[in-house]
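Next up, run_15.txt (compact mmCIF, C-alpha atoms):
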# COMPACT_ATOMS: atom_id res chain seq x y z
CA THR A 18 188.44 42.88 50.86
CA GLN A 19 186.33 44.34 48.09
CA VAL A 20 183.78 46.96 49.21
CA LEU A 21 180.57 47.06 47.18
CA LEU A 22 179.55 50.43 45.77
CA LYS A 23 176.30 50.32 47.73
CA ASP A 24 178.29 49.93 50.96
CA GLN A 25 180.90 52.48 49.96
CA PHE A 26 178.39 55.25 49.32
CA TYR A 27 175.29 54.35 51.35
CA ASN A 28 176.32 53.60 54.89
CA GLN A 29 176.24 54.83 58.49
CA GLU A 30 178.58 57.70 57.65
CA LEU A 31 176.31 59.00 54.88
CA ALA A 32 173.18 58.64 57.01
CA THR A 33 174.84 60.58 59.82
CA LYS A 34 176.08 63.31 57.47
CA LEU A 35 172.62 63.61 55.91
CA ALA A 36 170.96 63.86 59.34
CA ASP A 37 173.52 66.46 60.42
CA GLU A 38 172.98 68.57 57.31
CA LEU A 39 169.19 68.35 57.51
CA SER A 40 169.23 69.31 61.18
CA LYS A 41 170.71 72.68 60.25
CA TYR A 42 167.40 73.59 58.60
CA VAL A 43 164.64 71.36 60.01
CA SER A 44 163.92 69.47 63.19
CA VAL A 45 165.46 66.00 62.97
CA ASN A 46 165.93 63.36 65.64
CA LYS A 47 169.33 62.40 64.27
CA GLU A 48 169.59 59.07 66.07
CA THR A 49 166.16 57.93 64.90
CA PHE A 50 166.82 59.19 61.37
CA VAL A 51 170.13 57.33 61.09
CA THR A 52 168.79 54.13 62.67
CA GLU A 53 165.67 54.05 60.52
CA LEU A 54 167.59 54.78 57.32
CA THR A 55 170.50 52.39 57.87
CA SER A 56 168.17 49.59 58.99
CA GLN A 57 166.81 49.55 55.42
CA PHE A 58 170.21 49.29 53.73
CA PRO A 59 170.98 45.56 54.13
CA GLU A 60 167.95 44.57 52.04
CA LEU A 61 168.53 47.15 49.31
CA GLU A 62 170.80 47.47 46.33
CA LEU A 63 172.54 50.68 45.25
CA LEU A 64 169.63 52.61 43.76
CA GLY A 65 167.22 51.26 46.36
CA ARG A 66 169.40 52.77 49.05
CA ASN A 67 169.35 56.05 47.17
CA THR A 68 165.56 55.97 47.10
CA ALA A 69 165.48 55.17 50.83
CA CYS A 70 167.49 58.36 51.45
CA VAL A 71 165.02 60.34 49.33
CA LYS A 72 162.06 58.99 51.31
CA MET A 73 163.74 59.67 54.65
CA MET A 74 164.50 63.25 53.62
CA HIS A 75 160.88 63.70 52.58
CA LYS A 76 159.77 62.62 56.06
CA VAL A 77 161.58 65.55 57.69
CA LEU A 78 161.49 68.25 55.01
CA PRO A 79 158.52 70.55 54.47
CA ASN A 80 155.78 68.80 52.49
CA LYS A 81 155.52 71.63 50.00
CA PHE A 82 158.25 71.14 47.40
CA GLU A 83 158.85 74.87 46.98
CA GLU A 84 159.68 75.06 50.70
CA ALA A 85 161.84 71.92 50.69
CA ILE A 86 163.96 72.71 47.63
CA PRO A 87 165.91 75.64 49.13
CA ILE A 88 167.06 73.25 51.86
CA ILE A 89 167.98 70.58 49.31
CA LEU A 90 170.00 73.16 47.37
CA LYS A 91 171.94 74.08 50.51
CA ILE A 92 172.61 70.46 51.54
CA SER A 93 173.54 69.06 48.14
CA PRO A 94 177.07 70.53 47.94
CA GLU A 95 177.86 68.97 51.33
CA ILE A 96 177.15 65.37 50.24
CA LYS A 97 180.00 64.21 48.05
CA ASP A 98 180.37 61.35 45.58
CA PHE A 99 177.76 59.19 43.92
CA ALA A 100 175.26 59.45 46.78
CA ASN A 101 174.57 63.04 45.75
CA ILE A 102 172.18 61.69 43.11
CA MET A 103 169.62 61.45 45.91
CA PHE A 104 168.92 65.17 45.49
CA PRO A 105 167.99 65.10 41.79
CA GLU A 106 165.90 62.00 42.55
CA TYR A 107 164.14 63.98 45.27
CA VAL A 108 163.26 66.58 42.63
CA SER A 109 161.98 64.02 40.11
CA THR A 110 159.92 62.32 42.82
CA TYR A 111 158.44 65.30 44.63
CA GLY A 112 158.97 68.26 42.30
CA LEU A 113 157.74 66.99 38.96
CA GLU A 114 154.63 69.18 39.13
CA SER A 115 156.46 72.21 40.49
CA PRO A 116 157.34 75.19 38.31
CA VAL A 117 160.75 75.27 40.01
CA GLY A 118 161.55 71.57 39.49
CA LEU A 119 163.52 71.91 36.26
CA ASN A 120 165.52 74.83 37.60
CA ALA A 121 166.33 72.79 40.71
CA LEU A 122 167.82 70.06 38.49
CA LYS A 123 169.91 72.68 36.72
CA GLU A 124 171.37 73.76 40.06
CA LEU A 125 171.82 70.25 41.46
CA THR A 126 173.60 68.85 38.43
CA GLN A 127 176.59 71.02 39.30
CA TYR A 128 177.29 68.76 42.31
CA SER A 129 176.25 65.42 40.87
CA SER A 130 174.23 64.29 37.91
CA SER A 131 170.62 65.09 37.14
CA GLU A 132 170.53 63.12 33.90
CA PHE A 133 168.36 60.34 35.35
CA ALA A 134 166.00 62.74 37.08
CA ILE A 135 165.43 64.98 34.07
CA ARG A 136 164.10 62.02 32.12
CA HIS A 137 160.96 62.12 34.28
CA PHE A 138 160.43 65.74 33.24
CA LEU A 139 160.93 64.76 29.59
CA ARG A 140 158.38 61.97 29.97
CA LYS A 141 155.88 64.36 31.59
CA ASP A 142 156.28 67.31 29.20
CA PHE A 143 158.71 66.46 26.43
CA ASP A 144 158.53 69.69 24.43
CA THR A 145 158.91 72.13 27.33
CA THR A 146 161.72 70.13 28.90
CA LEU A 147 163.58 69.63 25.63
CA ASN A 148 163.34 73.34 24.82
CA THR A 149 164.75 74.13 28.26
CA MET A 150 167.59 71.69 27.64
CA ILE A 151 168.30 73.32 24.28
CA ASP A 152 168.75 76.61 26.14
CA TRP A 153 170.98 74.90 28.71
CA ALA A 154 173.30 73.74 25.93
CA ASP A 155 174.53 77.36 25.82
CA ASP A 156 175.18 77.60 29.56
CA ASP A 157 178.62 78.63 30.80
CA ASN A 158 178.68 75.71 33.24
CA GLU A 159 179.97 72.48 31.70
CA HIS A 160 177.85 70.35 34.06
CA ILE A 161 174.66 72.03 32.85
CA ARG A 162 175.70 71.56 29.22
CA ARG A 163 176.40 67.90 30.02
CA LEU A 164 172.90 67.55 31.48
CA ALA A 165 171.48 69.00 28.27
CA SER A 166 173.22 66.38 26.13
CA GLU A 167 173.24 63.30 28.36
CA GLY A 168 169.74 63.72 29.78
CA CYS A 169 168.09 63.49 26.38
CA ARG A 170 169.86 60.38 25.11
CA HIS A 171 167.32 57.87 23.85
CA ARG A 172 168.83 55.22 26.11
CA LEU A 173 170.59 55.70 29.41
CA PRO A 174 171.89 52.97 31.75
CA TRP A 175 169.58 52.35 34.72
CA SER A 176 166.79 54.40 33.15
CA PHE A 177 163.89 54.06 30.77
CA LYS A 178 164.39 54.77 27.09
CA PHE A 179 162.67 57.27 24.83
CA LYS A 180 161.17 55.62 21.80
CA ASN A 181 160.39 58.99 20.19
CA ILE A 182 164.07 60.00 20.31
CA GLU A 183 165.15 56.56 19.15
CA GLU A 184 162.80 56.80 16.18
CA ASN A 185 163.59 60.46 15.48
CA PRO A 186 167.09 61.37 16.76
CA ALA A 187 166.79 64.75 15.03
CA LEU A 188 164.67 65.88 17.99
CA THR A 189 167.89 66.38 19.96
CA LEU A 190 169.92 67.78 17.06
CA PRO A 191 169.70 71.40 18.29
CA ILE A 192 171.52 70.35 21.48
CA LEU A 193 174.10 68.27 19.65
CA GLU A 194 174.77 71.06 17.14
CA LYS A 195 175.52 73.47 19.97
CA LEU A 196 177.80 71.00 21.75
CA LYS A 197 179.56 69.15 18.95
CA ALA A 198 182.71 71.24 19.39
CA ASP A 199 182.37 71.74 23.14
CA GLU A 200 185.65 71.23 25.02
This structure in C-alpha cells:
Amino acid sequence: TQVLLKDQFYNQELATKLADELSKYVSVNKETFVTELTSQFPELELLGRNTACVKMMHKVLPNKFEEAIPIILKISPEIKDFANIMFPEYVSTYGLESPVGLNALKELTQYSSSEFAIRHFLRKDFDTTLNTMIDWADDDNEHIRRLASEGCRHRLPWSFKFKNIEENPALTLPILEKLKADE
C-alpha cells in the first residue's frame, strides 16, 4: 500500500510529538491539541496540513513573536523530516515584521529548509533581505549557504516567482559568485 506524503509526515504521531514538545515550554492541553489538529488533516493536502500545524502552534505560543521564537528554536530540532518546514512557515507568517525574523530563518534552516519562508522577506524588503543572504553565502554552515542560493531563485516549486530576478538575474550574482565553487 502506497502512503501519501501528506499522511507520512502529517499524522497523529506528528501532532502528538508537536504537542509534547510544546508542552515543555507552554501550557497545552495535549489531547485537545492533537484532536483539533488531526481533525483538520483529512480535508487538507500536504502544505495545507503544514499551515494547520503553524496555526495550532500559534494558538498556544505567546502572541508576541519575540517571545514565541525561542520556543520554536528549541522545538525545531526535535521534529524530523519534511514536517519541520512548519517552523520556517511560522516565522514567515508571524515574524515578518520582527527584527529577529530573518535570523530565526537562518537558525531554522539548519534543521529543515527556510527557502520558501525567506521569499516572504524578499517580497517585503528585497534589498535588506538580499544583502543579508549575500552575507550568508560566506557562512560556515552549508545549510545557511544553501538558503542564500536557493531562497533567491527567481522561481521555486510551490512558491511565487520574482519577476525582478527573472528580468535581472545579476541581482543574485554576488551570491552565486561566492558559491560557484562551493563543495
Counting all atoms listed in the file, what is within 6 Å of range 42-51 of chain A, bar same-chain residues fewer than 5 positions away, as a PDB file with C-alpha atoms, keeping the file's coordinate frame?
ATOM      1  CA  ALA A  32     173.180  58.640  57.010  1.00  0.00           C
ATOM      2  CA  THR A  33     174.840  60.580  59.820  1.00  0.00           C
ATOM      3  CA  ALA A  36     170.960  63.860  59.340  1.00  0.00           C
TER       4      ALA A  36
END
Residue neighbourhood range 73-86 of chain A, 6 Å, all atoms listed in the file, exclusion window fewer than 3 positions, as number ranges by chain: A: 70, 89, 112
Residue neighbourhood His160 in chain A, 9 Å, only C-alpha atoms, exclusion window fewer than 3 positions, as a list in words: Lys123, Thr126, Gln127, Tyr128, Ser129, Ser130, Asp156, Asp157, Arg163, Leu164 and Ala165 of chain A
Applying 10 Å and all atoms listed in the file, which residues near Pro186 in chain A remain after dropping the ones on its own chain fewer than 4 positions away? List them as a PDB file with C-alpha atoms, in the coordinates of the input.
ATOM      1  CA  CYS A 169     168.090  63.490  26.380  1.00  0.00           C
ATOM      2  CA  ARG A 170     169.860  60.380  25.110  1.00  0.00           C
ATOM      3  CA  HIS A 171     167.320  57.870  23.850  1.00  0.00           C
ATOM      4  CA  LYS A 180     161.170  55.620  21.800  1.00  0.00           C
ATOM      5  CA  ASN A 181     160.390  58.990  20.190  1.00  0.00           C
ATOM      6  CA  ILE A 182     164.070  60.000  20.310  1.00  0.00           C
ATOM      7  CA  LEU A 190     169.920  67.780  17.060  1.00  0.00           C
TER       8      LEU A 190
END
Surrounding residues of Thr149 in chain A excluding itself and chain neighbours under 4 positions, 12 Å, all atoms listed in the file, as a VMD selection string: chain A and resid 118 to 120 122 to 123 135 138 to 139 142 to 145 153 to 156 161 to 162 164 to 166 168 to 169 189 191 to 192
Atom-to-atom span, CA of Leu39 in chain A and CA of Met103 in chain A, Å: 13.5 Å
Distance criterion (all atoms listed in the file): nearest to Phe99 in chain A out of A:Leu31, A:Leu196, A:Ala134, A:Leu188: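 Closest to Phe99 in chain A, using all atoms listed in the file: A:Leu31.
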Distance criterion (all atoms listed in the file): nearest to Asn101 in chain A out of A:Phe179, A:Phe26, A:Phe58, A:Phe133: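 Checking each of A:Phe179, A:Phe26, A:Phe58, A:Phe133 against Asn101 in chain A, counting all atoms listed in the file, the winner is A:Phe26.
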Nearest residue to Pro59 in chain A from the set A:Lys91, A:Lys34, A:Lys23, A:Lys97 (distances using only C-alpha atoms):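 Answer, going by the shortest atom-to-atom distance: A:Lys23.
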